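Encoded as structure tokens, the structure appears first; notes follow it.
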Amino acid sequence: MHAHRCAVALSVSYVLAFQCGCMTMKESDTARTGIEQLLISSATDRALDKIDFAPIARAKVYLETKYLDCVDKNYVLVSLHQRLLAHGCALVEKAEEADVVLEVGSGGVGTDRTEWFVGIPEIPLPPPSPIAIPKLAFFSRTRAMGTAKLNVIAYDVKNKQPVINTGYALARSDHKNWNVMGMGGVQTGSVPQELATATGETESLMVRPSAIARRPTSMR
């Protein structure tokens, strides 16, 4: 009888130990968010789309990169390669082997962020109290923008005459996050639209902020 009680007690101990156990999952983020990188790459694509590469179609092209100094430089170069190849150009490794030299420079490639809200700002209590009354936002909008200003010129190797010299191409991408009385997390802008088109991801994307207040209570 005593042995049976010991066995039961031991079993209960194992069950309690199992139930009280915990598991932790390690989480990490990249140094730069995916949205930040998409803002830059989307703005870069939009800027390059404004440049007409038809005048150098099917030419042997040497891409001069020494004037390009910006964040995500490699993406700019690969995007240029893609457009040149799409026009039937052959990429060569030396300028003397080329029909055309194409130079690319950056006038600005980066991101900016603005925040706007309607409500009561954070109010710190008089010292020495470290406590502050938190911000109360009735309506808020955060907008992140990617900007790319690229200058692309091309000239004939033999006579040094310009083949492409249309000036700079400037473009922007954006990602906006709206919140109305805590009912939000609604995303709009060019980057959410690209994501929705490419991945079919539609949750909280491209919904007008004014529609939040009209949602049925069961959806909030």
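Identifiers in this document derive from the order of the structure tokens: chains are assigned A, B, ..., residues are numbered from 1 separately in each chain, and ligands are numbered from 1 in order of occurrence.
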
ask   = Excluding same-chain residues fewer than 2 positions from Asp99 in chain A, what lies within 9 Å of it counting only C-alpha atoms, as a PyMOL selection string?
value = chain A and resi 56+59-62+95-97+101+155-158

Selected residues written out, N, CA and C atoms, as a JSON list (two decimals), in the first residue's frame:
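part.json written:
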```json
[["chain", "number", "residue", "atom", "x", "y", "z"],
["A", 56, "ILE", "N", 20.59, 52.69, -76.88],
["A", 56, "ILE", "CA", 21.76, 51.82, -76.84],
["A", 56, "ILE", "C", 21.37, 50.34, -76.95],
["A", 59, "ALA", "N", 23.72, 47.16, -78.10],
["A", 59, "ALA", "CA", 25.12, 47.61, -78.12],
["A", 59, "ALA", "C", 25.93, 46.86, -77.07],
["A", 60, "LYS", "N", 27.25, 46.86, -77.26],
["A", 60, "LYS", "CA", 28.14, 46.34, -76.22],
["A", 60, "LYS", "C", 28.40, 47.48, -75.23],
["A", 61, "VAL", "N", 28.06, 47.23, -73.96],
["A", 61, "VAL", "CA", 28.04, 48.31, -72.97],
["A", 61, "VAL", "C", 29.01, 47.99, -71.83],
["A", 62, "TYR", "N", 29.80, 49.00, -71.50],
["A", 62, "TYR", "CA", 30.63, 48.93, -70.29],
["A", 62, "TYR", "C", 29.97, 49.84, -69.24],
["A", 95, "ALA", "N", 36.25, 49.09, -70.95],
["A", 95, "ALA", "CA", 35.68, 50.17, -71.76],
["A", 95, "ALA", "C", 36.12, 50.06, -73.21],
["A", 96, "GLU", "N", 37.36, 49.63, -73.46],
["A", 96, "GLU", "CA", 37.86, 49.53, -74.83],
["A", 96, "GLU", "C", 37.18, 48.43, -75.65],
["A", 97, "GLU", "N", 36.48, 47.54, -74.96],
["A", 97, "GLU", "CA", 35.76, 46.48, -75.65],
["A", 97, "GLU", "C", 34.33, 46.89, -75.98],
["A", 101, "VAL", "N", 29.86, 53.50, -73.26],
["A", 101, "VAL", "CA", 30.14, 53.53, -71.83],
["A", 101, "VAL", "C", 28.95, 54.18, -71.13],
["A", 155, "TYR", "N", 27.75, 57.38, -73.47],
["A", 155, "TYR", "CA", 28.40, 58.03, -74.61],
["A", 155, "TYR", "C", 29.09, 56.99, -75.48],
["A", 156, "ASP", "N", 29.23, 57.36, -76.76],
["A", 156, "ASP", "CA", 29.87, 56.49, -77.74],
["A", 156, "ASP", "C", 31.37, 56.44, -77.47],
["A", 157, "VAL", "N", 31.93, 55.25, -77.44],
["A", 157, "VAL", "CA", 33.34, 55.09, -77.11],
["A", 157, "VAL", "C", 34.24, 55.75, -78.15],
["A", 158, "LYS", "N", 33.86, 55.69, -79.41],
["A", 158, "LYS", "CA", 34.73, 56.19, -80.49],
["A", 158, "LYS", "C", 34.73, 57.71, -80.58]]
```

Margin query: Which residues are close to Phe117 in chain A, i.e. within 9 Å by only C-alpha atoms, leaving aside same-chain residues fewer than 3 positions away? Reply as a ChimeraX atom specification.
Written below: /A:120,137-142

Selection: 12 Å around range 172-177 of chain A, only C-alpha atoms, excl. self and same-chain fewer than 3 positions, as JSON, numbers by chain: {"A": [34, 35, 36, 37, 38, 39, 40, 41, 42, 43, 44, 45, 46, 47, 48, 108, 109, 110, 111, 112, 113, 114, 115, 116, 117, 139, 140, 141, 142, 143, 144, 145, 146, 147, 148, 149, 150, 169, 180, 183, 184, 185, 186, 187, 188, 189, 190, 191, 192, 193, 194, 195, 204, 205, 206, 207, 208, 209]}

Backbone DSSP call of strand (DSSP E) for range 74-138 of chain A, listed as a PyMOL selection string: chain A and resi 90-91+100-120+123-124+132-133+136-138

Inset, instruction - May I have the residues within 9 Å of Leu85 in chain A as an MDAnalysis selection string, using only C-alpha atoms and disregarding those fewer than 6 positions away in the same chain? - result: chainID A and resid 57:58 91

Separating CA of Val92 in chain A from CA of Leu170 in chain A, to the nearest tenth of an Å, is a gap of 27.5 Å

Practice task
Would you please extract all alpha helix (DSSP H) residues from range 37-220 of chain A, as assigned by DSSP on the backbone, and give them as a PyMOL selection string?
Solution key: chain A and resi 37-48+73-86+190-199

Next, the residues of the selection above should be written as a PDB file, in the first residue's frame with C-alpha atoms.
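part_17.pdb was written with the following content:
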```pdb
ATOM      1  CA  GLN A  37      14.805  47.825 -47.994  1.00  0.00           C
ATOM      2  CA  LEU A  38      11.670  47.577 -50.138  1.00  0.00           C
ATOM      3  CA  LEU A  39      11.200  51.342 -49.943  1.00  0.00           C
ATOM      4  CA  ILE A  40      14.665  51.877 -51.410  1.00  0.00           C
ATOM      5  CA  SER A  41      14.494  49.143 -54.044  1.00  0.00           C
ATOM      6  CA  SER A  42      11.028  50.264 -55.174  1.00  0.00           C
ATOM      7  CA  ALA A  43      12.128  53.892 -55.468  1.00  0.00           C
ATOM      8  CA  THR A  44      15.198  52.741 -57.412  1.00  0.00           C
ATOM      9  CA  ASP A  45      13.080  50.720 -59.832  1.00  0.00           C
ATOM     10  CA  ARG A  46      10.716  53.649 -60.345  1.00  0.00           C
ATOM     11  CA  ALA A  47      13.605  56.006 -61.085  1.00  0.00           C
ATOM     12  CA  LEU A  48      15.252  53.630 -63.568  1.00  0.00           C
ATOM     13  CA  LYS A  73      24.516  50.123 -54.437  1.00  0.00           C
ATOM     14  CA  ASN A  74      24.499  46.511 -55.592  1.00  0.00           C
ATOM     15  CA  TYR A  75      20.746  46.568 -56.158  1.00  0.00           C
ATOM     16  CA  VAL A  76      21.068  49.695 -58.315  1.00  0.00           C
ATOM     17  CA  LEU A  77      23.740  47.999 -60.432  1.00  0.00           C
ATOM     18  CA  VAL A  78      21.840  44.736 -60.851  1.00  0.00           C
ATOM     19  CA  SER A  79      18.702  46.667 -61.788  1.00  0.00           C
ATOM     20  CA  LEU A  80      20.722  48.485 -64.441  1.00  0.00           C
ATOM     21  CA  HIS A  81      22.078  45.159 -65.719  1.00  0.00           C
ATOM     22  CA  GLN A  82      18.548  43.804 -65.967  1.00  0.00           C
ATOM     23  CA  ARG A  83      17.362  46.731 -68.061  1.00  0.00           C
ATOM     24  CA  LEU A  84      20.382  46.647 -70.347  1.00  0.00           C
ATOM     25  CA  LEU A  85      19.989  42.921 -70.949  1.00  0.00           C
ATOM     26  CA  ALA A  86      16.279  43.420 -71.594  1.00  0.00           C
ATOM     27  CA  SER A 190       3.043  51.863 -53.035  1.00  0.00           C
ATOM     28  CA  VAL A 191       4.987  49.214 -51.081  1.00  0.00           C
ATOM     29  CA  PRO A 192       1.887  47.524 -49.547  1.00  0.00           C
ATOM     30  CA  GLN A 193       0.337  47.579 -53.015  1.00  0.00           C
ATOM     31  CA  GLU A 194       3.395  45.852 -54.494  1.00  0.00           C
ATOM     32  CA  LEU A 195       3.321  43.248 -51.727  1.00  0.00           C
ATOM     33  CA  ALA A 196      -0.384  42.593 -52.260  1.00  0.00           C
ATOM     34  CA  THR A 197       0.105  42.248 -56.019  1.00  0.00           C
ATOM     35  CA  ALA A 198       3.142  39.985 -55.770  1.00  0.00           C
ATOM     36  CA  THR A 199       2.128  37.762 -52.856  1.00  0.00           C
TER      37      THR A 199
END
```

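Interatomic distance, CA of Asn151 in chain A against CA of Gly105 in chain A: 5.2 Å.
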
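The two atoms in question, CA of Glu64 in chain A and CA of Lys94 in chain A, are spaced 9.4 Å apart.
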
**Request:** Extract, using only C-alpha atoms, all DNA, RNA and protein residues at most 7 Å from Glu103 in chain A, discarding same-chain residues fewer than 6 positions from it, and format them as a list in words.
**Result:**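 Surrounding residues, per the criterion: Leu63, Glu64, Thr65, Val152, Ile153 and Ala154 of chain A.
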
Put those residues in a file: N, CA and C atoms, as a compact mmCIF listing (two decimals), in the first residue's frame.
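Saved as part01.txt:
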```
# COMPACT_ATOMS: atom_id res chain seq x y z
N LEU A 63 29.65 49.28 -68.08
CA LEU A 63 29.00 50.03 -67.01
C LEU A 63 30.05 50.57 -66.04
N GLU A 64 30.21 51.88 -66.02
CA GLU A 64 31.15 52.54 -65.11
C GLU A 64 30.46 52.82 -63.78
N THR A 65 31.03 52.26 -62.70
CA THR A 65 30.37 52.33 -61.39
C THR A 65 31.08 53.22 -60.38
N VAL A 152 21.93 58.85 -65.07
CA VAL A 152 22.50 57.86 -65.98
C VAL A 152 22.82 58.54 -67.30
N ILE A 153 24.09 58.46 -67.72
CA ILE A 153 24.49 58.99 -69.02
C ILE A 153 25.26 57.90 -69.77
N ALA A 154 25.20 57.97 -71.08
CA ALA A 154 25.92 57.01 -71.92
C ALA A 154 26.53 57.75 -73.10
```
